[in-house]
$ cat my_file-v7.pdb   # PDB, C-alpha atoms and all ligand atoms
ATOM      1  CA  MET A 175     142.756 121.197  80.166
ATOM      2  CA  SER A 176     139.710 123.439  80.603
ATOM      3  CA  LEU A 177     138.330 123.937  84.104
ATOM      4  CA  ILE A 178     134.657 123.967  83.160
ATOM      5  CA  SER A 179     133.012 123.205  79.889
ATOM      6  CA  VAL A 180     129.386 122.766  78.962
ATOM      7  CA  GLU A 181     128.094 121.122  75.827
ATOM      8  CA  HIS A 182     124.665 121.772  74.349
ATOM      9  CA  LEU A 183     123.453 122.676  77.827
ATOM     10  CA  THR A 184     119.691 123.209  77.919
ATOM     11  CA  LYS A 185     117.212 123.934  80.691
ATOM     12  CA  SER A 186     113.496 124.342  80.016
ATOM     13  CA  PHE A 187     110.765 125.364  82.410
ATOM     14  CA  GLY A 188     107.571 124.312  80.684
ATOM     15  CA  GLY A 189     107.569 126.357  77.482
ATOM     16  CA  ILE A 190     110.424 128.668  78.545
ATOM     17  CA  VAL A 191     113.895 127.641  77.401
ATOM     18  CA  ALA A 192     116.045 129.493  79.943
ATOM     19  CA  VAL A 193     119.349 127.987  78.720
ATOM     20  CA  ASN A 194     119.343 126.883  75.124
ATOM     21  CA  GLU A 195     121.984 124.560  73.607
ATOM     22  CA  LEU A 196     124.780 126.504  75.301
ATOM     23  CA  ASP A 197     128.442 125.628  74.666
ATOM     24  CA  LEU A 198     131.091 127.304  76.825
ATOM     25  CA  THR A 199     134.629 126.709  78.008
ATOM     26  CA  ILE A 200     136.178 128.322  81.062
ATOM     27  CA  GLU A 201     139.968 128.139  81.390
ATOM     28  CA  PRO A 202     141.514 127.970  84.872
ATOM     29  CA  GLY A 203     142.616 131.231  86.523
ATOM     30  CA  GLY A 204     141.362 134.771  86.457
ATOM     31  CA  ILE A 205     137.912 136.323  86.403
ATOM     32  CA  VAL A 206     135.331 135.445  83.758
ATOM     33  CA  SER A 207     132.102 137.414  83.681
ATOM     34  CA  ILE A 208     128.838 136.134  82.283
ATOM     35  CA  ILE A 209     126.679 139.051  81.227
ATOM     36  CA  GLY A 210     123.422 139.477  79.350
ATOM     37  CA  PRO A 211     120.078 141.268  79.627
ATOM     38  CA  ASN A 212     117.515 140.428  82.352
ATOM     39  CA  GLY A 213     116.148 136.933  81.836
ATOM     40  CA  ALA A 214     119.080 135.913  79.586
ATOM     41  CA  GLY A 215     119.616 132.731  81.626
ATOM     42  CA  LYS A 216     122.638 133.702  83.745
ATOM     43  CA  THR A 217     121.266 132.556  87.111
ATOM     44  CA  THR A 218     119.871 129.400  85.504
ATOM     45  CA  LEU A 219     123.349 128.671  84.116
ATOM     46  CA  PHE A 220     124.820 129.050  87.633
ATOM     47  CA  ASN A 221     122.058 126.829  89.038
ATOM     48  CA  LEU A 222     122.999 124.175  86.474
ATOM     49  CA  LEU A 223     126.751 124.496  87.053
ATOM     50  CA  SER A 224     126.315 124.247  90.822
ATOM     51  CA  GLY A 225     123.965 121.254  90.684
ATOM     52  CA  ILE A 226     120.858 123.025  91.960
ATOM     53  CA  TYR A 227     119.059 122.257  88.690
ATOM     54  CA  GLN A 228     119.449 119.177  86.539
ATOM     55  CA  PRO A 229     119.744 120.066  82.857
ATOM     56  CA  THR A 230     116.984 119.145  80.438
ATOM     57  CA  ALA A 231     119.756 118.200  77.992
ATOM     58  CA  GLY A 232     123.504 118.581  77.575
ATOM     59  CA  ARG A 233     126.573 117.818  79.681
ATOM     60  CA  ILE A 234     128.753 119.677  82.197
ATOM     61  CA  PHE A 235     132.461 118.895  82.652
ATOM     62  CA  PHE A 236     134.680 119.992  85.539
ATOM     63  CA  ALA A 237     138.406 119.459  84.966
ATOM     64  CA  ASP A 238     137.406 117.154  82.084
ATOM     65  CA  GLU A 239     135.261 114.916  84.348
ATOM     66  CA  ASP A 240     131.590 114.615  83.496
ATOM     67  CA  VAL A 241     129.846 116.077  86.578
ATOM     68  CA  THR A 242     126.373 116.527  85.060
ATOM     69  CA  ASP A 243     124.713 114.173  87.514
ATOM     70  CA  LEU A 244     126.435 115.353  90.719
ATOM     71  CA  SER A 245     124.500 117.099  93.512
ATOM     72  CA  CYS A 246     125.413 120.564  94.767
ATOM     73  CA  HIS A 247     127.066 119.007  97.856
ATOM     74  CA  GLU A 248     129.152 116.692  95.714
ATOM     75  CA  LEU A 249     130.147 119.605  93.477
ATOM     76  CA  ALA A 250     131.117 121.733  96.483
ATOM     77  CA  GLY A 251     133.194 118.744  97.662
ATOM     78  CA  ILE A 252     135.204 118.705  94.424
ATOM     79  CA  GLY A 253     135.789 122.454  94.380
ATOM     80  CA  LEU A 254     132.838 124.320  92.910
ATOM     81  CA  SER A 255     131.062 126.792  95.156
ATOM     82  CA  ARG A 256     128.666 129.722  94.684
ATOM     83  CA  THR A 257     126.784 132.643  96.149
ATOM     84  CA  PHE A 258     123.193 133.558  95.376
ATOM     85  CA  GLN A 259     121.608 136.569  93.651
ATOM     86  CA  ASN A 260     119.224 136.829  96.616
ATOM     87  CA  VAL A 261     121.072 136.494  99.911
ATOM     88  CA  GLN A 262     120.612 132.955 101.284
ATOM     89  CA  SER A 263     122.105 133.086 104.774
ATOM     90  CA  PHE A 264     120.721 131.104 107.687
ATOM     91  CA  MET A 265     119.200 133.931 109.689
ATOM     92  CA  ASN A 266     118.643 131.855 112.821
ATOM     93  CA  MET A 267     122.392 131.224 113.185
ATOM     94  CA  SER A 268     125.305 133.491 114.047
ATOM     95  CA  ALA A 269     127.361 135.013 111.248
ATOM     96  CA  LEU A 270     130.267 132.772 112.234
ATOM     97  CA  GLU A 271     128.127 129.605 112.164
ATOM     98  CA  ASN A 272     127.038 130.506 108.632
ATOM     99  CA  VAL A 273     130.664 130.396 107.530
ATOM    100  CA  MET A 274     131.303 127.212 109.537
ATOM    101  CA  VAL A 275     128.589 125.483 107.471
ATOM    102  CA  GLY A 276     130.920 125.916 104.495
ATOM    103  CA  CYS A 277     133.897 124.399 106.397
ATOM    104  CA  HIS A 278     131.838 121.393 107.469
ATOM    105  CA  LEU A 279     130.829 120.808 103.874
ATOM    106  CA  HIS A 280     134.495 120.652 103.040
ATOM    107  CA  SER A 281     135.655 118.574 106.025
ATOM    108  CA  ASN A 282     133.266 115.727 105.187
ATOM    109  CA  GLN A 283     132.588 114.633 108.773
ATOM    110  CA  ARG A 284     130.544 111.519 109.312
ATOM    111  CA  PHE A 285     127.269 112.170 111.092
ATOM    112  CA  ILE A 286     127.894 109.402 113.646
ATOM    113  CA  ASP A 287     131.285 110.865 114.609
ATOM    114  CA  THR A 288     129.671 114.249 115.160
ATOM    115  CA  LEU A 289     126.956 112.665 117.262
ATOM    116  CA  LEU A 290     129.471 110.901 119.492
ATOM    117  CA  GLN A 291     131.586 114.078 119.743
ATOM    118  CA  LEU A 292     134.750 112.075 119.127
ATOM    119  CA  PRO A 293     138.017 113.920 119.961
ATOM    120  CA  SER A 294     138.818 114.092 116.251
ATOM    121  CA  ILE A 295     135.524 115.934 115.721
ATOM    122  CA  LYS A 296     136.211 118.393 118.535
ATOM    123  CA  LYS A 297     139.565 119.148 116.917
ATOM    124  CA  SER A 298     138.020 119.503 113.496
ATOM    125  CA  ASN A 299     135.273 121.801 114.899
ATOM    126  CA  ARG A 300     137.939 123.980 116.467
ATOM    127  CA  GLU A 301     139.848 124.141 113.180
ATOM    128  CA  CYS A 302     136.653 124.931 111.356
ATOM    129  CA  ARG A 303     135.893 127.759 113.763
ATOM    130  CA  ASP A 304     139.408 129.182 113.357
ATOM    131  CA  THR A 305     139.111 129.005 109.571
ATOM    132  CA  ALA A 306     135.704 130.712 109.696
ATOM    133  CA  ILE A 307     137.118 133.523 111.850
ATOM    134  CA  GLU A 308     140.032 133.927 109.437
ATOM    135  CA  LEU A 309     137.695 134.061 106.452
ATOM    136  CA  MET A 310     135.355 136.569 108.093
ATOM    137  CA  THR A 311     138.353 138.762 108.788
ATOM    138  CA  TYR A 312     139.552 138.309 105.193
ATOM    139  CA  VAL A 313     136.220 139.476 103.693
ATOM    140  CA  GLY A 314     136.087 142.467 106.075
ATOM    141  CA  LEU A 315     133.576 141.166 108.638
ATOM    142  CA  LYS A 316     135.821 141.110 111.707
ATOM    143  CA  ASP A 317     133.362 143.284 113.637
ATOM    144  CA  TYR A 318     130.503 140.815 113.076
ATOM    145  CA  ILE A 319     132.169 137.575 114.185
ATOM    146  CA  SER A 320     129.874 137.034 117.153
ATOM    147  CA  ALA A 321     126.806 138.779 115.677
ATOM    148  CA  PRO A 322     123.586 136.934 114.853
ATOM    149  CA  ALA A 323     123.235 136.785 111.038
ATOM    150  CA  ASP A 324     119.936 138.683 111.143
ATOM    151  CA  ARG A 325     121.735 141.723 112.613
ATOM    152  CA  LEU A 326     124.054 142.107 109.634
ATOM    153  CA  PRO A 327     123.404 144.968 107.213
ATOM    154  CA  TYR A 328     122.748 143.948 103.603
ATOM    155  CA  GLY A 329     126.282 144.725 102.373
ATOM    156  CA  ALA A 330     127.763 142.562 105.134
ATOM    157  CA  LEU A 331     125.424 139.656 104.267
ATOM    158  CA  LYS A 332     126.741 139.723 100.677
ATOM    159  CA  ARG A 333     130.272 139.309 102.082
ATOM    160  CA  LEU A 334     129.127 136.618 104.500
ATOM    161  CA  GLU A 335     127.937 134.552 101.525
ATOM    162  CA  ILE A 336     131.351 134.939  99.918
ATOM    163  CA  ALA A 337     133.082 133.856 103.146
ATOM    164  CA  ARG A 338     130.826 130.784 103.388
ATOM    165  CA  ALA A 339     131.527 129.858  99.772
ATOM    166  CA  LEU A 340     135.291 130.315 100.338
ATOM    167  CA  ALA A 341     135.116 128.026 103.373
ATOM    168  CA  THR A 342     134.523 125.076 101.020
ATOM    169  CA  ARG A 343     137.963 125.905  99.501
ATOM    170  CA  PRO A 344     136.666 126.179  95.959
ATOM    171  CA  ARG A 345     138.702 125.938  92.795
ATOM    172  CA  VAL A 346     135.904 127.867  91.108
ATOM    173  CA  LEU A 347     133.728 130.443  92.806
ATOM    174  CA  LEU A 348     130.483 131.465  91.122
ATOM    175  CA  LEU A 349     129.289 134.904  92.223
ATOM    176  CA  ASP A 350     125.740 135.866  91.216
ATOM    177  CA  GLU A 351     125.397 139.663  91.410
ATOM    178  CA  PRO A 352     127.694 140.235  94.406
ATOM    179  CA  ALA A 353     127.426 144.032  93.999
ATOM    180  CA  ALA A 354     123.640 144.268  93.573
ATOM    181  CA  GLY A 355     122.173 146.755  96.047
ATOM    182  CA  LEU A 356     125.580 147.989  97.228
ATOM    183  CA  ASN A 357     126.605 151.652  97.333
ATOM    184  CA  PRO A 358     129.664 152.805  95.327
ATOM    185  CA  ARG A 359     132.043 152.435  98.288
ATOM    186  CA  GLU A 360     130.815 148.908  99.080
ATOM    187  CA  THR A 361     130.998 148.028  95.366
ATOM    188  CA  GLN A 362     134.635 149.132  95.285
ATOM    189  CA  GLU A 363     135.371 146.951  98.320
ATOM    190  CA  ILE A 364     133.720 143.936  96.666
ATOM    191  CA  ASP A 365     135.703 144.692  93.501
ATOM    192  CA  ASP A 366     138.959 144.597  95.526
ATOM    193  CA  LEU A 367     137.873 141.409  97.315
ATOM    194  CA  ILE A 368     137.021 139.570  94.073
ATOM    195  CA  ARG A 369     140.372 140.568  92.550
ATOM    196  CA  ASP A 370     142.181 139.274  95.619
ATOM    197  CA  ILE A 371     140.276 135.963  95.590
ATOM    198  CA  ALA A 372     141.334 135.471  91.958
ATOM    199  CA  LYS A 373     144.911 136.471  92.807
ATOM    200  CA  GLN A 374     144.997 133.743  95.480
ATOM    201  CA  GLY A 375     144.313 131.197  92.714
ATOM    202  CA  THR A 376     140.551 130.635  92.756
ATOM    203  CA  THR A 377     138.942 130.982  89.338
ATOM    204  CA  VAL A 378     136.020 133.404  89.597
ATOM    205  CA  MET A 379     132.898 133.313  87.443
ATOM    206  CA  LEU A 380     130.973 136.520  87.908
ATOM    207  CA  VAL A 381     127.410 137.461  86.968
ATOM    208  CA  GLU A 382     126.894 141.174  87.465
ATOM    209  CA  HIS A 383     124.840 144.016  85.984
ATOM    210  CA  ASP A 384     127.236 146.748  87.172
ATOM    211  CA  MET A 385     129.047 147.273  83.861
ATOM    212  CA  LYS A 386     131.747 149.488  85.356
ATOM    213  CA  LEU A 387     132.678 146.637  87.700
ATOM    214  CA  VAL A 388     132.454 143.995  84.952
ATOM    215  CA  MET A 389     134.478 145.961  82.396
ATOM    216  CA  GLY A 390     137.204 146.791  84.911
ATOM    217  CA  ILE A 391     137.630 143.414  86.560
ATOM    218  CA  SER A 392     137.117 140.732  83.891
ATOM    219  CA  ASP A 393     139.874 138.874  82.077
ATOM    220  CA  ARG A 394     137.190 137.491  79.727
ATOM    221  CA  ILE A 395     133.529 138.245  79.241
ATOM    222  CA  ILE A 396     130.943 135.843  77.857
ATOM    223  CA  VAL A 397     127.639 137.331  76.741
ATOM    224  CA  ILE A 398     124.469 135.271  76.651
ATOM    225  CA  ASP A 399     121.035 136.319  75.434
ATOM    226  CA  HIS A 400     117.836 134.267  75.357
ATOM    227  CA  GLY A 401     119.791 131.385  76.889
ATOM    228  CA  GLN A 402     122.247 131.306  73.980
ATOM    229  CA  TRP A 403     125.891 132.231  73.516
ATOM    230  CA  LEU A 404     126.099 135.674  71.898
ATOM    231  CA  ALA A 405     129.728 136.778  72.181
ATOM    232  CA  GLU A 406     132.995 136.279  74.035
ATOM    233  CA  GLY A 407     136.076 138.451  74.402
ATOM    234  CA  THR A 408     137.935 141.037  76.424
ATOM    235  CA  ALA A 409     136.096 144.053  77.866
ATOM    236  CA  GLU A 410     137.275 146.146  74.931
ATOM    237  CA  GLU A 411     136.037 143.610  72.376
ATOM    238  CA  ILE A 412     132.669 143.200  74.102
ATOM    239  CA  ARG A 413     132.123 146.932  74.518
ATOM    240  CA  HIS A 414     132.290 147.425  70.743
ATOM    241  CA  ASN A 415     130.512 144.240  69.647
ATOM    242  CA  PRO A 416     127.427 145.255  67.608
ATOM    243  CA  ASP A 417     125.475 142.090  68.589
ATOM    244  CA  VAL A 418     126.018 142.869  72.273
ATOM    245  CA  ILE A 419     125.006 146.497  71.841
ATOM    246  CA  ALA A 420     121.853 145.387  69.994
ATOM    247  CA  ALA A 421     120.946 142.886  72.766
ATOM    248  CA  TYR A 422     121.255 145.574  75.452
ATOM    249  CA  LEU A 423     119.390 148.173  73.368
ATOM    250  CA  GLY A 424     116.640 145.575  72.972
ATOM    251  CA  GLU A 425     116.559 145.252  76.743
ATOM    252  CA  GLN A 426     116.110 149.017  77.161
ATOM    253  CA  GLY A 427     113.229 148.804  74.694
ATOM    254  CA  ARG A 428     111.636 146.023  76.778
ATOM    255  CA  ASN A 429     112.011 148.019  80.000
ATOM    256  CA  ARG A 430     110.420 151.148  78.615
TER
HETATM  257  N1  LIG B 501     112.448 128.152  88.401
HETATM  258  C1  LIG B 501     111.962 128.726  87.285
HETATM  259  N2  LIG B 501     110.722 128.419  86.820
HETATM  260  C2  LIG B 501     110.245 128.974  85.671
HETATM  261  N3  LIG B 501     110.940 129.848  84.918
HETATM  262  C3  LIG B 501     112.169 130.200  85.343
HETATM  263  C4  LIG B 501     112.745 129.656  86.531
HETATM  264  N4  LIG B 501     113.988 130.186  86.693
HETATM  265  C5  LIG B 501     114.165 131.020  85.658
HETATM  266  N5  LIG B 501     113.078 131.022  84.840
HETATM  267  C6  LIG B 501     112.946 131.790  83.582
HETATM  268  O1  LIG B 501     114.087 131.524  82.800
HETATM  269  C7  LIG B 501     114.545 132.716  82.151
HETATM  270  C8  LIG B 501     115.975 132.983  82.575
HETATM  271  O2  LIG B 501     115.973 133.385  83.963
HETATM  272  P1  LIG B 501     117.303 133.675  84.779
HETATM  273  O3  LIG B 501     116.873 133.952  86.176
HETATM  274  O4  LIG B 501     118.270 132.588  84.561
HETATM  275  O5  LIG B 501     117.814 135.009  84.073
HETATM  276  P2  LIG B 501     119.001 135.994  84.489
HETATM  277  O6  LIG B 501     119.846 136.160  83.283
HETATM  278  O7  LIG B 501     119.639 135.530  85.746
HETATM  279  O8  LIG B 501     118.187 137.354  84.746
HETATM  280  P3  LIG B 501     118.495 138.565  85.779
HETATM  281  O9  LIG B 501     119.590 139.368  85.145
HETATM  282  O10 LIG B 501     117.205 139.320  85.808
HETATM  283  O11 LIG B 501     118.861 137.977  87.108
HETATM  284  C9  LIG B 501     113.556 133.803  82.516
HETATM  285  O12 LIG B 501     112.588 133.873  81.487
HETATM  286  C10 LIG B 501     112.951 133.308  83.811
HETATM  287  O13 LIG B 501     111.646 133.816  83.970
HETATM  288 MG    MG B 502     119.854 136.297  87.628
END
$ encode --input "my_file-v7.pdb" --output "structure tokens"
Amino acid sequence: MSLISVEHLTKSFGGIVAVNELDLTIEPGGIVSIIGPNGAGKTTLFNLLSGIYQPTAGRIFFADEDVTDLSCHELAGIGLSRTFQNVQSFMNMSALENVMVGCHLHSNQRFIDTLLQLPSIKKSNRECRDTAIELMTYVGLKDYISAPADRLPYGALKRLEIARALATRPRVLLLDEPAAGLNPRETQEIDDLIRDIAKQGTTVMLVEHDMKLVMGISDRIIVIDHGQWLAEGTAEEIRHNPDVIAAYLGEQGRNR
């Protein structure tokens, strides 16, 4: 059984076809990277997989169930969670509360119970807080547990997003450029963290431009270009694939 598969997935924005008739299968376990030049459609693919966008055409399956029409909350509820290319923390909350948002998504409390502050809710809030503290410690943010989110340096905010996504207890974690803007030491720490998350049994889908990170960490790499599947293989296979080299050389030409 595949964990995620997409069939003929397409997303258009007016005349731009960001994802174009894409077919992919992701097996459970390990780290799968999705790479491709700027504008290839990687973030759009993540937005489709996580229910932020509805596809123009095509279907998405999660553990063989058709989940194309589910919302991002419903998808998080069944085990699919993500971080964003641009940090999306709630700056008016504490770092810890940001992670607790993820736990609450998972715990599925009824609004009325929360309103009445039933004993069961108090207990569940306490558990949620404990889990959030544990997760912040796990991602290396122990020193920021009581800090307001807007005091966190950029590298810490990237980790905070990962902690919040982990709080929903995902089976699949989608990471959109977790190392962007990080220095080499912080990148190495994120590399170690991602490996550990995968080791604990969460399947990781990674979008990242840092090729050293991608080539070192990925069990499989899928390359997309112009919204279409271009290649798939191990780091070694992808590194020597002439179509992939041509796509990236084309990108350098565009950037010049
Ligand atoms: N909301 C949107 N409205 C209009 N066009 C969009 C929208 N989102 C993405 N696009 C376009 O779709 C294409 C794919 O964009 P996407 O952000 O998915 O690329 P990407 O592979 O994530 O690129 P990068 O590596 O630069 O992050 C681009 O041409 C982009 O301009
Ligand atoms: Mg992107």
$ resolve_selection --input "my_file-v7.pdb" --expression "the PyMOL selection byres (((not hetatm)) within 10 of (chain B and resi 502))" --output "MDAnalysis selection string"
chainID A and resid 209:221 258:260 350:351 381:383
$ closest_residue --input "my_file-v7.pdb" --among "A:Lys296, A:Arg394, A:His400, A:Lys386" --to "ligand LIG 501 (chain B)" --atoms "all atoms listed in the file"
A:His400
$ resolve_selection --input "my_file-v7.pdb" --expression "the PyMOL selection byres (((chain A and resi 362) around 12) and not hetatm)" --output "number ranges by chain"
A: 329, 352-353, 356-361, 363-369, 384, 386-388, 390-391
$ atom_distance --input "my_file-v7.pdb" --atom1 "CA of Ala321 (chain A)" --atom2 "CA of Arg300 (chain A)"
18.5 Å
$ resolve_selection --input "my_file-v7.pdb" --expression "the PyMOL selection byres (((chain A and resi 344) around 7) and not hetatm)" --output "list in words"
Gly253, Leu254, Ser255, Leu340, Thr342, Arg343, Arg345, Val346, Leu347 and Thr376 of chain A
$ residues_near_point --input "my_file-v7.pdb" --point "(140.1, 133.4, 82.9)" --cutoff "8 Å" --atoms "all atoms listed in the file" --output "list in words"
Ile200, Glu201, Pro202, Gly203, Gly204, Ile205, Val206, Thr377, Val378, Ser392, Asp393 and Arg394 of chain A
$ closest_residue --input "my_file-v7.pdb" --among "A:Leu222, A:Leu196, A:Leu309, A:Val418" --to "ligand LIG 501 (chain B)" --atoms "all atoms listed in the file"
A:Leu222
$ atom_distance --input "my_file-v7.pdb" --atom1 "CA of Ala231 (chain A)" --atom2 "CA of Gly407 (chain A)"
26.3 Å
$ atom_distance --input "my_file-v7.pdb" --atom1 "CA of Pro327 (chain A)" --atom2 "atom O11 of ligand LIG 501 (chain B)"
21.8 Å
$ closest_residue --input "my_file-v7.pdb" --among "A:Met175, A:Val273, A:Ala341, A:Val193" --to "Gly251 (chain A)" --atoms "all atoms listed in the file"
A:Ala341
$ axis_aligned_box --input "my_file-v7.pdb" --around "ligand LIG 501 (chain B)" --padding-each-side "3 Å" --output "JSON"
{"center_x": 115.0, "center_y": 133.8, "center_z": 84.9, "size_x": 15.6, "size_y": 17.2, "size_z": 12.9}
$ decode --input "my_file-v7.pdb" --residues "region 383-396 of chain A" --atoms "N, CA, C and O atoms" --output "PDB file, in the first residue's frame"
ATOM      1  N   HIS A 383      16.149  23.640  -1.485  1.00  0.00           N
ATOM      2  CA  HIS A 383      17.095  24.017  -2.544  1.00  0.00           C
ATOM      3  C   HIS A 383      18.543  23.692  -2.165  1.00  0.00           C
ATOM      4  O   HIS A 383      19.412  23.707  -3.033  1.00  0.00           O
ATOM      5  N   ASP A 384      18.805  23.439  -0.877  1.00  0.00           N
ATOM      6  CA  ASP A 384      20.168  23.148  -0.443  1.00  0.00           C
ATOM      7  C   ASP A 384      20.513  21.718  -0.899  1.00  0.00           C
ATOM      8  O   ASP A 384      20.109  20.731  -0.275  1.00  0.00           O
ATOM      9  N   MET A 385      21.241  21.644  -2.012  1.00  0.00           N
ATOM     10  CA  MET A 385      21.478  20.329  -2.646  1.00  0.00           C
ATOM     11  C   MET A 385      22.360  19.410  -1.800  1.00  0.00           C
ATOM     12  O   MET A 385      22.240  18.197  -1.856  1.00  0.00           O
ATOM     13  N   LYS A 386      23.246  20.020  -0.994  1.00  0.00           N
ATOM     14  CA  LYS A 386      24.090  19.188  -0.136  1.00  0.00           C
ATOM     15  C   LYS A 386      23.188  18.452   0.873  1.00  0.00           C
ATOM     16  O   LYS A 386      23.322  17.249   1.089  1.00  0.00           O
ATOM     17  N   LEU A 387      22.243  19.206   1.433  1.00  0.00           N
ATOM     18  CA  LEU A 387      21.299  18.606   2.386  1.00  0.00           C
ATOM     19  C   LEU A 387      20.469  17.527   1.685  1.00  0.00           C
ATOM     20  O   LEU A 387      20.359  16.389   2.162  1.00  0.00           O
ATOM     21  N   VAL A 388      19.892  17.887   0.535  1.00  0.00           N
ATOM     22  CA  VAL A 388      19.005  16.959  -0.184  1.00  0.00           C
ATOM     23  C   VAL A 388      19.743  15.670  -0.552  1.00  0.00           C
ATOM     24  O   VAL A 388      19.248  14.562  -0.312  1.00  0.00           O
ATOM     25  N   MET A 389      20.937  15.825  -1.130  1.00  0.00           N
ATOM     26  CA  MET A 389      21.669  14.648  -1.618  1.00  0.00           C
ATOM     27  C   MET A 389      22.096  13.739  -0.468  1.00  0.00           C
ATOM     28  O   MET A 389      22.141  12.526  -0.604  1.00  0.00           O
ATOM     29  N   GLY A 390      22.379  14.343   0.695  1.00  0.00           N
ATOM     30  CA  GLY A 390      22.838  13.546   1.827  1.00  0.00           C
ATOM     31  C   GLY A 390      21.718  12.835   2.566  1.00  0.00           C
ATOM     32  O   GLY A 390      21.908  11.754   3.114  1.00  0.00           O
ATOM     33  N   ILE A 391      20.540  13.427   2.582  1.00  0.00           N
ATOM     34  CA  ILE A 391      19.497  12.975   3.505  1.00  0.00           C
ATOM     35  C   ILE A 391      18.427  12.086   2.859  1.00  0.00           C
ATOM     36  O   ILE A 391      17.754  11.325   3.550  1.00  0.00           O
ATOM     37  N   SER A 392      18.281  12.190   1.520  1.00  0.00           N
ATOM     38  CA  SER A 392      17.086  11.601   0.882  1.00  0.00           C
ATOM     39  C   SER A 392      17.239  10.124   0.577  1.00  0.00           C
ATOM     40  O   SER A 392      18.254   9.691   0.026  1.00  0.00           O
ATOM     41  N   ASP A 393      16.202   9.346   0.890  1.00  0.00           N
ATOM     42  CA  ASP A 393      16.153   7.957   0.441  1.00  0.00           C
ATOM     43  C   ASP A 393      15.776   7.911  -1.039  1.00  0.00           C
ATOM     44  O   ASP A 393      16.270   7.083  -1.784  1.00  0.00           O
ATOM     45  N   ARG A 394      14.837   8.819  -1.423  1.00  0.00           N
ATOM     46  CA  ARG A 394      14.443   8.947  -2.835  1.00  0.00           C
ATOM     47  C   ARG A 394      14.322  10.426  -3.150  1.00  0.00           C
ATOM     48  O   ARG A 394      14.021  11.235  -2.272  1.00  0.00           O
ATOM     49  N   ILE A 395      14.521  10.741  -4.414  1.00  0.00           N
ATOM     50  CA  ILE A 395      14.353  12.126  -4.858  1.00  0.00           C
ATOM     51  C   ILE A 395      13.441  12.111  -6.086  1.00  0.00           C
ATOM     52  O   ILE A 395      13.627  11.297  -6.998  1.00  0.00           O
ATOM     53  N   ILE A 396      12.447  13.000  -6.054  1.00  0.00           N
ATOM     54  CA  ILE A 396      11.574  13.165  -7.218  1.00  0.00           C
ATOM     55  C   ILE A 396      11.825  14.565  -7.763  1.00  0.00           C
ATOM     56  O   ILE A 396      11.838  15.536  -6.992  1.00  0.00           O
TER      57      ILE A 396
END
